[in-house]
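Have a look at the structure below before the remarks.
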2 protein chains.
Amino acid sequence: MLRLSKFPFKTEKVAPKISDNKSTSLLLQAGFIRQTMAWVYTYTTLWLRVLRKIEKIVREEMDNYGAYETLMPALSPKELWDKTWRWDSIDVAFHVPAANNKEYSLNSTHEEVVTPLMKEFIQSYKDLPTCVYQIQNKFRNEKRAKSWILRWREFLMKDAYSFHSSDEDFVKYYEWMKKVYMRIFGRIWLWEDTVIALADGWTFTDKYSHEFQVKTEIGEDTIYICEKCDTAHNEEIIDPENFVCTNCGWTKAEVVKASEIWNIFPLETKFTKAFDVKYLDENGKQQTPIMGCYGIWVSRAMWIIAEKFAHENSIAWPESIAPADYYILVLGDNLEKAEQLAKKFESEWKEVILDDRMGKKFGFGAKMKDAELIWIPHIVVVSDKTIEKWGYELDGGLIEFK
Amino acid sequence: MLRLSKFPFKTEKVAPKISDNKSTSLLLQAGFIRQTMAWVYTYTTLWLRVLRKIEKIVREEMDNYGAYETLMPALSPKELWDKTWRWDSIDVAFHVPAANNKEYSLNSTHEEVVTPLMKEFIQSYKDLPTCVYQIQNKFRNEKRAKSWILRWREFLMKDAYSFHSSDEDFVKYYEWMKKVYMRIFGRIWLWEDTVIALADGWTFTDKYSHEFQVKTEIGEDTIYICEKCDTAHNEEIIDPENFVCTNCGWTKAEVVKASEIWNIFPLETKFTKAFDVKYLDENGKQQTPIMGCYGIWVSRAMWIIAEKFAHENSIAWPESIAPADYYILVLGDNLEKAEQLAKKFESEWKEVILDDRMGKKFGFGAKMKDAELIWIPHIVVVSDKTIEKWGYELDGGLIEFK
């Protein structure tokens with residue numbers, strides 16, 4: 001159990017003012033984060049718990065879908081990026097000068113690492129389809145603030161890469177991945193507010209990519225949703241003055257602000273060709289595999305959840321990713337009883353925060369304020385009043401000790 | 001369960017030759033790793049499992065000792081390093097040019113991040129002692145190969161930082177941390193071969209630091225262990241021609257080769273002074289906290305375990321960190337039965353690798369060779385012969401199905 005009496009990351013009385021969003025100021029007030037530099041944050045214990053829970057959900061769904069976890073390095077040699085002409089074309093890439101007149105990439109994406117890796121393992125059509133993923137830091141050398149969370153310089157990403165022997169197989173896999181992604185959205189309570197928007201292919205593909213956009217007033221993107229067929233378009237791929245739906249040709253659209261948190265790209269053979277990846281097909285002929293990539297910005301998802309669920313004085317976490325299950329608020333001389341209760345919850349595999357802070361400053365009001373600010377789904381009170389009735393209060397109702 | 005029929009990271013028939021160690025060639029042969037560039041590796045699924053298990057052991061022991069997990073960024077601003085004069089004095093630091101004429105550190109250590117972080121939370125003697133840690137990538141701009149695993153450019157490290165109100169409290173904490181570390185060594189089966197050696201303080205302290213050195217013939221360090229009082233010394237702090245024990249003055253020592261995998265440093269007030277960290281003591285007077293730091297090179301520990309437990313044809317993982325608990329080897333037309341068994345093991349929270357590869361290439365010999373190369377503690381055979389006896393073979397003995 002986490003005892004607040006010894007916990008270093010204390011809450012603040014008042015939320016610091018942040019001009020463009022609610023969540024950052026609440027996260028600062030709750031002691032969940034501190035800024036190390038512009039757009040680079042340190043996560044403290046409770047925020048890290050939220051992050052790990054989202055990671056676990058993502059990992060479970062990717063494993064279930066048959067993808068294999070790996071861990072690729074954050075650094076990679078320039079030579080790999082020269083092969084795809086992306087050393088200079090990715091404008092946010094960090095280039096790191098190194099000993100012996102070398103230069104490394106501090107990776108913003110990993111196609112240049114995963115493709116030569118998989119080249120070694122893909123030999124036959126029997127090895128396809130296959131998909132590998134990792135949960136790894138990404139780095140972006142951002143020049144200026146755009147808005148809110150978009151411009152982080154360092155963030156955690158899940159990136160998956162699939163390899164296929166036919167376009168048909170790729171399309172099936174890609175479409176199914178959209179469903180896997182929507183399942184993950186469901187588990188972190190963002191399903192309802194998400195649209196899948198057509199977007200630019202950036203340096204990844206000449207085709208459209210698909211962005212998973214969460215509707216939010218402070219979103220950095222503008223999405224045009226066709227009023228006839230519901231196809232969503234990132235503003236960047238249409239003419240805002242003369243909207244024409246790419247799917248049905250309709251000219252009226254609902255316009256919403258949204259934040260992109262995940263994206264998926266058809267990569268065709270751009271990278272497998274560059275690295276000369278070949279497999280033998282059923283007829284013994286050499287072929288080039290078709291590739292797709294699938295991103296989930298884990299730390300950005302976390303921040304968007306925080307923003308979506310931010311109330312006036314707290315962030316109401318979805319239960320699946322809350323920093324703990326029970327917050328036990330002890331008053332008076334009842335610590336022993338509260339500890340017993342905490343151990344009982346823990347024996348049921350629940351996570352407990354024990355508010356065992358004592359002294360005048362920590363009366364019912366102060367403790368309840370923190371319980372609500374940190375936002376633990378279930379609040380338990382153990383006090384003289386509840387002990388008198390041989391019980392504890394759980395979410396406002398009395399439960400007897402057994 | 002992990003099905004080898006679909007698993008991309010296949011084993012190789014022959015181990016590639018690596019000149020200076022056994023483990024790297026076995027890890028390459030087993031498909032656990034691939035080199036992305038010199039001293040930078042990609043971890044595939046099974047190696048990552050080993051890594052996560054070591055991480056979990058480290059995390060449990062740190063949490064038990066009352067340290068709080070955080071996650072600090074890999075990047076930090078130059079200004080922080082200017083305060084401690086370490087921007088230029090750490091010779092292996094990567095300096096990353098960034099937009100707007102900035103330069104960032106790609107951190108090789110985190111004192112310059114953790115100290116200003118904790119400055120905000122440490123106000124009173126009541127807040128001390130406190131200790132925070134993280135498990136985060138570290139980066140080192142190494143110039144030349146020294147030996148084997150020492151010179152990695154990117155690796156995972158657990159680093160903890162403690163803060164104290166008196167020297168006495170610090171010493172007690174520091175000595176106890178040595179015991180916590182030896183407990184971790186015990187859980188990953190390195191206890192017997194580890195010595196704690198006095199070593200240079202590097203840019204961290206003018207005092208001696210303590211290195212946890214694992215004895216191994218291919219170690220990069222030479223350790224002098226006093227024959228009288230057992231005090232161990234890294235060669236760098238003694239005169240090899242005229243050894244004199246720093247503790248008892250004895251002049252005879254046993255000399256062993258070893259690899260440093262963890263180290264701890266008394267930091268005194270070097271960093272707390274640089275960042276002007278202050279707390280109010282019992283008398284309301286401002287004081288500067290005393291600091292210690294405690295490193296565990298997680299990925300290096302993993303490699304040393306691999307080397308220590310490398311046999312001729314496989315790495316005999318300690319059971320606590322093996323990539324799975326059971327390896328089920330299916331022969332003939334018995335896949336369904338093997339799957340049932342795998343599910344039974346999984347219902348008991350065991351991890352299973354199911355070798356369901358079919359075809360002429362995958363007879364008993366080929367499968368057993370891989371089972372031993374990957375090295376899973378328990379090998380199960382499900383074949384016509386065992387099914388005839390209504391059972392399966394576990395580590396060579398017949399068990400009946402229930």
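Chains: A, B, ... in order of the structure tokens. Residues: from 1 per chain. Ligands: from 1, in order shown.
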Selection: 7 Å around range 110-119 of chain B, only C-alpha atoms, excl. self and same-chain fewer than 4 positions, as a list in words: Leu80, Trp81, Phe271, Thr272, Phe275 and Val277 of chain B
Go ahead and write the selection's residues with N, CA and C atoms as a PDB file, in the first residue's frame.
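Dumped everything to result-v2.pdb:
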```pdb
ATOM      1  N   LEU B  80      20.648  22.926 -16.737  1.00  0.00           N
ATOM      2  CA  LEU B  80      20.740  22.138 -15.506  1.00  0.00           C
ATOM      3  C   LEU B  80      22.172  21.628 -15.295  1.00  0.00           C
ATOM      4  N   TRP B  81      22.816  21.245 -16.377  1.00  0.00           N
ATOM      5  CA  TRP B  81      24.173  20.684 -16.289  1.00  0.00           C
ATOM      6  C   TRP B  81      25.216  21.778 -16.088  1.00  0.00           C
ATOM      7  N   PHE B 271      25.191  17.943  -5.123  1.00  0.00           N
ATOM      8  CA  PHE B 271      24.094  18.331  -6.011  1.00  0.00           C
ATOM      9  C   PHE B 271      23.039  19.173  -5.295  1.00  0.00           C
ATOM     10  N   THR B 272      22.784  18.864  -4.034  1.00  0.00           N
ATOM     11  CA  THR B 272      21.788  19.660  -3.312  1.00  0.00           C
ATOM     12  C   THR B 272      22.271  21.104  -3.134  1.00  0.00           C
ATOM     13  N   PHE B 275      21.897  23.013  -6.552  1.00  0.00           N
ATOM     14  CA  PHE B 275      20.519  23.405  -6.881  1.00  0.00           C
ATOM     15  C   PHE B 275      19.822  24.086  -5.699  1.00  0.00           C
ATOM     16  N   VAL B 277      18.963  23.207  -2.659  1.00  0.00           N
ATOM     17  CA  VAL B 277      17.873  22.488  -1.982  1.00  0.00           C
ATOM     18  C   VAL B 277      18.008  22.728  -0.483  1.00  0.00           C
TER      19      VAL B 277
END
```
8 Å contact set for range 151-168 of chain A, only C-alpha atoms, chain neighbours under 6 positions out, as a VMD selection string: (chain A and resid 39 to 40 58 67 110 to 111 114 125 128 to 142 144 to 145 281 287 to 300) or (chain B and resid 73 to 75)
Output file for the residues above (N, CA and C atoms, as a CSV table (one decimal), in the first residue's frame):
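Saved result, again-v6.csv, follows:
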```csv
chain,number,residue,atom,x,y,z
A,39,TRP,N,7.7,21.1,-22.9
A,39,TRP,CA,7.2,19.9,-23.6
A,39,TRP,C,8.0,18.6,-23.2
A,40,VAL,N,8.6,18.6,-22.1
A,40,VAL,CA,9.3,17.4,-21.6
A,40,VAL,C,9.0,17.3,-20.1
A,58,VAL,N,-2.8,-1.9,-23.9
A,58,VAL,CA,-2.3,-1.9,-25.2
A,58,VAL,C,-1.6,-3.2,-25.5
A,67,ALA,N,0.5,-10.0,-32.4
A,67,ALA,CA,1.8,-9.3,-32.6
A,67,ALA,C,2.8,-9.6,-31.5
A,110,HIS,N,10.4,4.1,-36.3
A,110,HIS,CA,11.4,3.0,-36.3
A,110,HIS,C,11.3,2.1,-37.6
A,111,GLU,N,10.8,2.6,-38.7
A,111,GLU,CA,10.8,1.8,-39.9
A,111,GLU,C,12.2,1.4,-40.3
A,114,VAL,N,13.2,-1.5,-37.9
A,114,VAL,CA,12.5,-2.7,-37.9
A,114,VAL,C,12.6,-3.5,-39.2
A,125,TYR,N,6.9,-17.3,-47.9
A,125,TYR,CA,5.5,-16.9,-47.7
A,125,TYR,C,4.9,-17.5,-46.4
A,128,LEU,N,4.7,-15.2,-43.4
A,128,LEU,CA,3.8,-14.0,-43.5
A,128,LEU,C,2.3,-14.5,-43.4
A,129,PRO,N,1.5,-13.6,-42.8
A,129,PRO,CA,1.8,-12.3,-42.3
A,129,PRO,C,2.5,-12.4,-41.0
A,130,THR,N,3.2,-11.4,-40.6
A,130,THR,CA,3.8,-11.3,-39.3
A,130,THR,C,3.7,-9.8,-38.8
A,131,CYS,N,3.7,-9.6,-37.5
A,131,CYS,CA,3.6,-8.3,-37.0
A,131,CYS,C,4.4,-8.2,-35.7
A,132,VAL,N,5.3,-7.2,-35.6
A,132,VAL,CA,6.0,-7.0,-34.3
A,132,VAL,C,5.7,-5.6,-33.8
A,133,TYR,N,5.8,-5.4,-32.5
A,133,TYR,CA,5.6,-4.1,-32.0
A,133,TYR,C,6.6,-3.8,-30.8
A,134,GLN,N,6.6,-2.6,-30.4
A,134,GLN,CA,7.4,-2.2,-29.2
A,134,GLN,C,6.6,-1.0,-28.5
A,135,ILE,N,7.0,-0.9,-27.2
A,135,ILE,CA,6.5,0.3,-26.5
A,135,ILE,C,7.8,1.0,-26.1
A,136,GLN,N,8.1,2.1,-26.8
A,136,GLN,CA,9.5,2.7,-26.7
A,136,GLN,C,9.3,4.3,-26.8
A,137,ASN,N,10.3,5.0,-26.2
A,137,ASN,CA,10.3,6.4,-26.3
A,137,ASN,C,10.5,6.9,-27.7
A,138,LYS,N,9.9,7.9,-28.1
A,138,LYS,CA,10.1,8.6,-29.4
A,138,LYS,C,10.5,10.0,-29.1
A,139,PHE,N,11.3,10.6,-30.0
A,139,PHE,CA,11.9,11.9,-29.8
A,139,PHE,C,11.6,12.8,-31.0
A,140,ARG,N,11.2,14.1,-30.8
A,140,ARG,CA,10.9,15.0,-31.9
A,140,ARG,C,11.5,16.3,-31.6
A,141,ASN,N,12.3,16.8,-32.5
A,141,ASN,CA,12.9,18.1,-32.3
A,141,ASN,C,12.0,19.2,-32.8
A,142,GLU,N,11.0,19.5,-31.9
A,142,GLU,CA,10.0,20.5,-32.3
A,142,GLU,C,10.5,21.9,-32.2
A,144,ARG,N,8.4,24.9,-32.5
A,144,ARG,CA,7.6,25.9,-31.8
A,144,ARG,C,6.4,25.2,-31.2
A,145,ALA,N,5.8,25.8,-30.2
A,145,ALA,CA,4.6,25.3,-29.6
A,145,ALA,C,3.5,25.4,-30.6
A,281,ASP,N,7.7,-17.0,-52.7
A,281,ASP,CA,6.3,-17.2,-52.7
A,281,ASP,C,6.0,-18.7,-53.0
A,287,GLN,N,9.7,-12.3,-54.0
A,287,GLN,CA,8.7,-11.2,-53.9
A,287,GLN,C,9.1,-10.2,-52.8
A,288,THR,N,8.5,-9.0,-52.8
A,288,THR,CA,8.8,-8.0,-51.8
A,288,THR,C,7.5,-7.9,-50.9
A,289,PRO,N,7.7,-8.1,-49.6
A,289,PRO,CA,6.5,-8.0,-48.7
A,289,PRO,C,5.9,-6.5,-48.7
A,290,ILE,N,4.6,-6.5,-48.4
A,290,ILE,CA,3.9,-5.2,-48.2
A,290,ILE,C,3.8,-5.0,-46.7
A,291,MET,N,3.9,-3.7,-46.4
A,291,MET,CA,4.1,-3.4,-45.0
A,291,MET,C,3.1,-2.3,-44.5
A,292,GLY,N,2.7,-2.4,-43.2
A,292,GLY,CA,1.9,-1.4,-42.6
A,292,GLY,C,2.5,-1.0,-41.3
A,293,CYS,N,2.1,0.2,-40.8
A,293,CYS,CA,2.6,0.5,-39.5
A,293,CYS,C,1.4,1.2,-38.7
A,294,TYR,N,1.5,1.0,-37.4
A,294,TYR,CA,0.4,1.3,-36.5
A,294,TYR,C,0.9,1.9,-35.2
A,295,GLY,N,0.6,3.2,-35.0
A,295,GLY,CA,1.1,3.9,-33.9
A,295,GLY,C,0.0,4.1,-32.8
A,296,ILE,N,0.4,4.1,-31.6
A,296,ILE,CA,-0.4,4.5,-30.5
A,296,ILE,C,0.5,5.4,-29.6
A,297,TRP,N,0.1,6.7,-29.5
A,297,TRP,CA,0.9,7.6,-28.7
A,297,TRP,C,0.5,7.4,-27.2
A,298,VAL,N,1.1,6.5,-26.5
A,298,VAL,CA,0.6,6.1,-25.2
A,298,VAL,C,0.6,7.3,-24.2
A,299,SER,N,1.6,8.1,-24.2
A,299,SER,CA,1.6,9.2,-23.2
A,299,SER,C,0.6,10.3,-23.7
A,300,ARG,N,0.4,10.4,-25.0
A,300,ARG,CA,-0.6,11.4,-25.4
A,300,ARG,C,-2.0,11.0,-25.1
B,73,PRO,N,12.7,12.2,-17.8
B,73,PRO,CA,13.0,12.2,-19.3
B,73,PRO,C,14.4,11.8,-19.6
B,74,ALA,N,14.6,11.3,-20.9
B,74,ALA,CA,15.9,11.0,-21.4
B,74,ALA,C,16.7,12.3,-21.8
B,75,LEU,N,15.9,13.3,-22.2
B,75,LEU,CA,16.5,14.6,-22.5
B,75,LEU,C,16.4,15.5,-21.4
```
Fewer than 4 positions away in the same chain doesn't count, so skip those; otherwise give me all residues within 12 Å of Lys385 in chain A, counting only C-alpha atoms, as a PDB file with N, CA and C atoms, in the first residue's frame.
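Wrote it out as selection26.pdb, contents follow:
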```
ATOM      1  N   VAL A 330      -7.986   7.803   7.036  1.00  0.00           N
ATOM      2  CA  VAL A 330      -8.029   7.462   8.466  1.00  0.00           C
ATOM      3  C   VAL A 330      -8.140   8.715   9.300  1.00  0.00           C
ATOM      4  N   LEU A 331      -9.038   8.707  10.274  1.00  0.00           N
ATOM      5  CA  LEU A 331      -9.151   9.825  11.213  1.00  0.00           C
ATOM      6  C   LEU A 331      -9.022   9.267  12.624  1.00  0.00           C
ATOM      7  N   GLY A 332      -8.512  10.121  13.527  1.00  0.00           N
ATOM      8  CA  GLY A 332      -8.399   9.703  14.919  1.00  0.00           C
ATOM      9  C   GLY A 332      -7.357   8.622  15.102  1.00  0.00           C
ATOM     10  N   ASP A 333      -7.536   7.823  16.133  1.00  0.00           N
ATOM     11  CA  ASP A 333      -6.528   6.861  16.552  1.00  0.00           C
ATOM     12  C   ASP A 333      -6.831   5.473  15.964  1.00  0.00           C
ATOM     13  N   ASN A 334      -7.139   5.421  14.687  1.00  0.00           N
ATOM     14  CA  ASN A 334      -7.652   4.174  14.104  1.00  0.00           C
ATOM     15  C   ASN A 334      -6.769   3.593  13.013  1.00  0.00           C
ATOM     16  N   VAL A 381     -13.663   5.609   4.540  1.00  0.00           N
ATOM     17  CA  VAL A 381     -13.365   6.399   5.740  1.00  0.00           C
ATOM     18  C   VAL A 381     -13.347   5.479   6.949  1.00  0.00           C
ATOM     19  N   LYS A 389     -19.601   2.176  15.160  1.00  0.00           N
ATOM     20  CA  LYS A 389     -20.628   1.296  14.554  1.00  0.00           C
ATOM     21  C   LYS A 389     -20.007  -0.004  14.039  1.00  0.00           C
ATOM     22  N   TRP A 390     -18.719  -0.258  14.475  1.00  0.00           N
ATOM     23  CA  TRP A 390     -18.025  -1.488  14.094  1.00  0.00           C
ATOM     24  C   TRP A 390     -17.934  -1.641  12.569  1.00  0.00           C
ATOM     25  N   GLY A 391     -17.523  -0.546  11.922  1.00  0.00           N
ATOM     26  CA  GLY A 391     -17.435  -0.646  10.468  1.00  0.00           C
ATOM     27  C   GLY A 391     -16.615   0.464   9.842  1.00  0.00           C
ATOM     28  N   TYR A 392     -16.712   0.570   8.553  1.00  0.00           N
ATOM     29  CA  TYR A 392     -16.062   1.634   7.799  1.00  0.00           C
ATOM     30  C   TYR A 392     -17.028   2.144   6.748  1.00  0.00           C
ATOM     31  N   GLU A 393     -16.781   3.352   6.286  1.00  0.00           N
ATOM     32  CA  GLU A 393     -17.631   3.929   5.261  1.00  0.00           C
ATOM     33  C   GLU A 393     -17.003   3.688   3.897  1.00  0.00           C
ATOM     34  N   LEU A 398     -22.188   2.622   5.099  1.00  0.00           N
ATOM     35  CA  LEU A 398     -21.471   1.901   6.157  1.00  0.00           C
ATOM     36  C   LEU A 398     -21.398   0.395   5.857  1.00  0.00           C
TER      37      LEU A 398
END
```
Extract, using only C-alpha atoms, all DNA, RNA and protein residues at most 6 Å from range 315-324 of chain B, discarding same-chain residues fewer than 5 positions from it, and format them as a list of chain:residue names. B:Leu46, B:Arg49, B:Val50, B:Lys53, B:Ala306, B:Phe309, B:Ala310, B:Glu351, B:Val352, B:Trp375, B:Ile376
Proximity check chain A to chain B, 6 Å, nearest pairs one decimal Å, only C-alpha atoms, as a tab-separated table:
```
residue	atom	partner	partner_atom	distance
A:Thr42	CA	B:Met72	CA	4.5
A:Tyr43	CA	B:Leu71	CA	5.0
A:Thr44	CA	B:Thr70	CA	4.5
A:Thr45	CA	B:Thr70	CA	5.1
A:Glu69	CA	B:Thr45	CA	5.2
A:Thr70	CA	B:Thr44	CA	4.5
A:Leu71	CA	B:Tyr43	CA	5.0
A:Met72	CA	B:Thr42	CA	4.5
A:Pro73	CA	B:Thr42	CA	6.0
A:Val96	CA	B:Val96	CA	5.2
A:Ala99	CA	B:Lys143	CA	5.2
A:Lys143	CA	B:Ala99	CA	5.2
```
Just list as an MDAnalysis selection string whatever in range 132-345 of chain A DSSP marks as helix (DSSP H, G or I). chainID A and resid 167:187 191:193 235:237 270:274 298:308 319:321 335:345
Strand (DSSP E) positions in range 161-298 of chain B, given as a PyMOL selection string: chain B and resi 161-164+194-199+209-215+221-226+232-234+253-268+279-280+286-287+290-296
Kindly give the distance, in Å, that separates CA of Leu280 in chain A and CA of Gln123 in chain A, rounded to a single decimal.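 Separation of CA of Leu280 in chain A and CA of Gln123 in chain A: 6.3 Å.
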Test item: residues at most 10 Å from Thr194 in chain A, only C-alpha atoms, excluding those fewer than 6 positions along its chain, as a compact mmCIF listing (two decimals) with N, CA and C atoms, in the first residue's frame:
```
# COMPACT_ATOMS: atom_id res chain seq x y z
N MET A 182 -10.05 0.27 -31.76
CA MET A 182 -11.29 0.75 -31.15
C MET A 182 -11.59 -0.01 -29.85
N PHE A 185 -9.54 1.74 -27.32
CA PHE A 185 -10.28 2.98 -26.97
C PHE A 185 -11.41 2.69 -26.00
N GLY A 186 -12.09 1.58 -26.24
CA GLY A 186 -13.19 1.21 -25.35
C GLY A 186 -12.70 1.00 -23.93
N GLU A 211 -6.03 8.54 -39.11
CA GLU A 211 -5.76 9.07 -37.77
C GLU A 211 -6.93 8.77 -36.85
N PHE A 212 -6.62 8.37 -35.64
CA PHE A 212 -7.66 8.21 -34.62
C PHE A 212 -7.71 9.53 -33.85
N GLN A 213 -8.78 10.24 -34.08
CA GLN A 213 -8.91 11.60 -33.56
C GLN A 213 -9.96 11.62 -32.44
N VAL A 214 -9.56 12.14 -31.30
CA VAL A 214 -10.50 12.27 -30.18
C VAL A 214 -11.05 13.69 -30.17
N LYS A 215 -12.38 13.78 -30.24
CA LYS A 215 -13.02 15.09 -30.26
C LYS A 215 -12.76 15.82 -28.95
N THR A 216 -12.21 17.00 -29.05
CA THR A 216 -12.02 17.84 -27.87
C THR A 216 -11.89 19.28 -28.32
N ALA A 258 -10.41 18.28 -32.85
CA ALA A 258 -10.02 16.98 -32.30
C ALA A 258 -8.51 16.91 -32.11
N SER A 259 -8.08 15.94 -31.29
CA SER A 259 -6.66 15.69 -31.08
C SER A 259 -6.31 14.31 -31.59
N GLU A 260 -5.29 14.25 -32.41
CA GLU A 260 -4.84 12.97 -32.95
C GLU A 260 -4.05 12.24 -31.88
N ILE A 261 -4.46 11.02 -31.58
CA ILE A 261 -3.60 10.31 -30.64
C ILE A 261 -3.00 9.05 -31.22
```
Name all residues at most 7 Å from Leu329 in chain B (count only C-alpha atoms; drop same-chain ones fewer than 3 positions away) and give them as a PyMOL selection string. chain B and resi 354-355+367+380-382
Can you tell me, as a PyMOL selection string, what residues are no more than 12 Å from Ser23 in chain A when counting only C-alpha atoms, ignoring any on the same chain fewer than 5 positions away? chain A and resi 15-18+28-30+32-33+148-149+218+302-317+373
Could you state the separation of CA of Ile225 in chain B and CA of Ala253 in chain B in Å, given to one decimal place?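 Distance between the two atoms: 5.1 Å.
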Give me, please, the distance in Å between CA of Ile264 in chain B and CA of Thr203 in chain B, quoted to one decimal. 12.9 Å
Compare A:Ser347, A:Thr386, A:Thr246, A:Thr109 by their minimum atom-to-atom distance to Ala199 in chain A, counting only C-alpha atoms, and give me the closest one.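 Using only C-alpha atoms, the shortest distance to Ala199 in chain A belongs to A:Thr246.
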